[in-house]
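Engineer: The structure that follows is given in the form of structure tokens.
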Amino acid sequence: PYFYLISYLSSLWSIEMIEYGYHFQAIVGLQSGKPLACELLLRKDPRTERSTATHSSDFYTENLVTLTNTKIKAIEALSKQHNQWIFLNFTRCEISHLSFNLCRKRLSKLLPQIQLVIEVTECGGQYNKAIFEKNLLILKKNGFQIAIDNFGAPNVNIELLKLLEPDFVKLDISLIRNATHSEENAIKFYQLVDLIRHRGHKVVIVGIETKKELLIAQKTRAEFAQGFHYHSPEPV
């Protein structure tokens with residue numbers, strides 16, 4: 001009976017994943033436009049705006065080990081394209097989950113041949129902050145780099161930067177949008193990028209789609225950019 005139960009659950013997993021697959025989107029040098037990194041995305045429709053699929057956060061957390069195994073295969077494929085960094089999305093709930101250390105150990109086997117960046121994203125549920133911070137510290141000690149996603153969104157602010165001390169800060173897409181509305185907003189945007197860089201973080205301006213957004217972004221001293229202007233997500 002146990003065997004049949006496992007087979008049944010596996011079949012359910014397969015059905016859930018049929019419409020989903022790993023895609024990647026380039027992260028480029030802001031001034032050069034040359035691909036320097038990429039973000040690995042689990043997506044249903046690559047034309048949608050962001051990487052978050054329609055499943056609940058519980059779906060990803062409970063299937064964390066299985067998803068990590070499939071991530072590794074995708075990472076190995078992407079590494080052949082000579083990306084300098086590969087960004088992997090993990091929510092705070094996932095990083096604080098009991099099975100995360102197993103995932104970290106499996107991903108560690110890819111280091112240092114592949115530079116992996118753990119991109120910390122929001123989660124809809126509660127998580128253990130002490131375990132989250134402990135696991136984040138272990139990641140850093142084991143050679144992973146850390147990125148924080150959606151900086152400028154609610155609850156993703158300077159105080160969080162002080163807590164996590166990430167290597168990369170990815171700006172919320174709303175910031176570049178707002179910067180195009182007025183000169184005053186653009187100046188505030190430039191100042192924000194400078195503030196983050198002065199703290200020692202690399203800045204990724206996310207969501208660049210139009211010429212106006214590109215021109216504003218290039219007036220900053222941010223190092224990286226990401227958006228449909230450069231590259232639309234495509235299957236690994």
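The chains in the structure tokens are called A, B, ... from first to last as shown; in each chain the residues are counted from 1, and the ligands are counted from 1 in the order shown.
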Just want the 7 Å neighbourhood of Pro235 (chain A), counted on only C-alpha atoms, with same-chain residues fewer than 5 positions away dropped. Output as a PDB file with N, CA and C atoms, in the first residue's frame.
Structural biologist:
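Saved result, result_19.pdb, follows:
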```
ATOM      1  N   TYR A  22      11.285  25.075 -16.459  1.00  0.00           N
ATOM      2  CA  TYR A  22      12.269  26.099 -16.136  1.00  0.00           C
ATOM      3  C   TYR A  22      12.601  26.934 -17.366  1.00  0.00           C
ATOM      4  N   HIS A  23      12.579  28.234 -17.156  1.00  0.00           N
ATOM      5  CA  HIS A  23      12.971  29.212 -18.154  1.00  0.00           C
ATOM      6  C   HIS A  23      14.102  30.039 -17.555  1.00  0.00           C
ATOM      7  N   PHE A  24      14.738  30.818 -18.379  1.00  0.00           N
ATOM      8  CA  PHE A  24      15.752  31.721 -17.848  1.00  0.00           C
ATOM      9  C   PHE A  24      15.627  33.069 -18.535  1.00  0.00           C
TER      10      PHE A  24
END
```
Engineer: So which residues touch region 124-132 of chain A within 10 Å, counting only C-alpha atoms, skipping near sequence neighbours fewer than 2 positions away, as a list of chain:residue names?
Structural biologist: A:Ser56, A:Ser57, A:Asp58, A:Thr91, A:Arg92, A:Cys93, A:Glu94, A:Ile95, A:Ser96, A:His97, A:Leu98, A:Phe100, A:Glu122, A:Lys134, A:Asn135, A:Leu136, A:Leu137, A:Ile138
Engineer: Write the residues of the selection above to a file with N, CA and C atoms, as a tab-separated table (two decimals), in the first residue's frame.
Structural biologist:
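Output contents, as saved in part-v4.tsv:
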```tsv
chain	number	residue	atom	x	y	z
A	56	SER	N	0.49	28.18	-4.72
A	56	SER	CA	0.71	28.82	-3.44
A	56	SER	C	2.13	28.56	-2.98
A	57	SER	N	2.60	29.36	-2.00
A	57	SER	CA	3.95	29.17	-1.47
A	57	SER	C	4.09	27.81	-0.82
A	58	ASP	N	3.00	27.28	-0.26
A	58	ASP	CA	3.05	25.95	0.37
A	58	ASP	C	3.42	24.87	-0.64
A	91	THR	N	12.08	31.40	-1.48
A	91	THR	CA	11.35	32.26	-0.56
A	91	THR	C	11.93	32.14	0.85
A	92	ARG	N	11.57	33.06	1.71
A	92	ARG	CA	12.02	32.98	3.10
A	92	ARG	C	11.45	31.73	3.77
A	93	CYS	N	10.23	31.35	3.36
A	93	CYS	CA	9.63	30.11	3.90
A	93	CYS	C	10.47	28.90	3.52
A	94	GLU	N	10.93	28.86	2.28
A	94	GLU	CA	11.74	27.73	1.82
A	94	GLU	C	13.08	27.67	2.53
A	95	ILE	N	13.72	28.84	2.68
A	95	ILE	CA	15.04	28.87	3.30
A	95	ILE	C	14.97	28.46	4.77
A	96	SER	N	13.84	28.71	5.42
A	96	SER	CA	13.68	28.33	6.83
A	96	SER	C	13.06	26.95	6.99
A	97	HIS	N	12.81	26.24	5.89
A	97	HIS	CA	12.19	24.92	5.94
A	97	HIS	C	13.20	23.86	6.39
A	98	LEU	N	12.70	22.78	7.02
A	98	LEU	CA	13.58	21.74	7.55
A	98	LEU	C	14.40	21.07	6.46
A	100	PHE	N	15.65	22.43	3.79
A	100	PHE	CA	16.49	23.33	2.99
A	100	PHE	C	17.96	22.96	3.07
A	122	GLU	N	9.86	37.03	-1.20
A	122	GLU	CA	8.84	37.04	-0.16
A	122	GLU	C	8.07	35.71	-0.15
A	134	LYS	N	19.88	31.90	10.26
A	134	LYS	CA	20.95	30.90	10.44
A	134	LYS	C	21.31	30.25	9.11
A	135	ASN	N	20.30	29.85	8.35
A	135	ASN	CA	20.55	29.20	7.06
A	135	ASN	C	21.16	30.16	6.05
A	136	LEU	N	20.77	31.43	6.13
A	136	LEU	CA	21.36	32.42	5.24
A	136	LEU	C	22.85	32.58	5.52
A	137	LEU	N	23.20	32.58	6.80
A	137	LEU	CA	24.62	32.68	7.19
A	137	LEU	C	25.40	31.45	6.70
A	138	ILE	N	24.79	30.27	6.80
A	138	ILE	CA	25.44	29.04	6.32
A	138	ILE	C	25.66	29.12	4.81
```
Engineer: Using DSSP on the backbone, list every residue of region 73-142 of chain A that comes out as alpha helix (DSSP H), and give them as a ChimeraX atom specification.
Structural biologist: /A:73-79,92-95,100-108,129-141
Engineer: For each of A:Glu209, A:Phe228, A:Gln218, A:Pro112, take the minimum atom-to-atom distance to Ser32 (chain A), counting only C-alpha atoms, then give the residue where this is smallest.
Structural biologist: A:Gln218
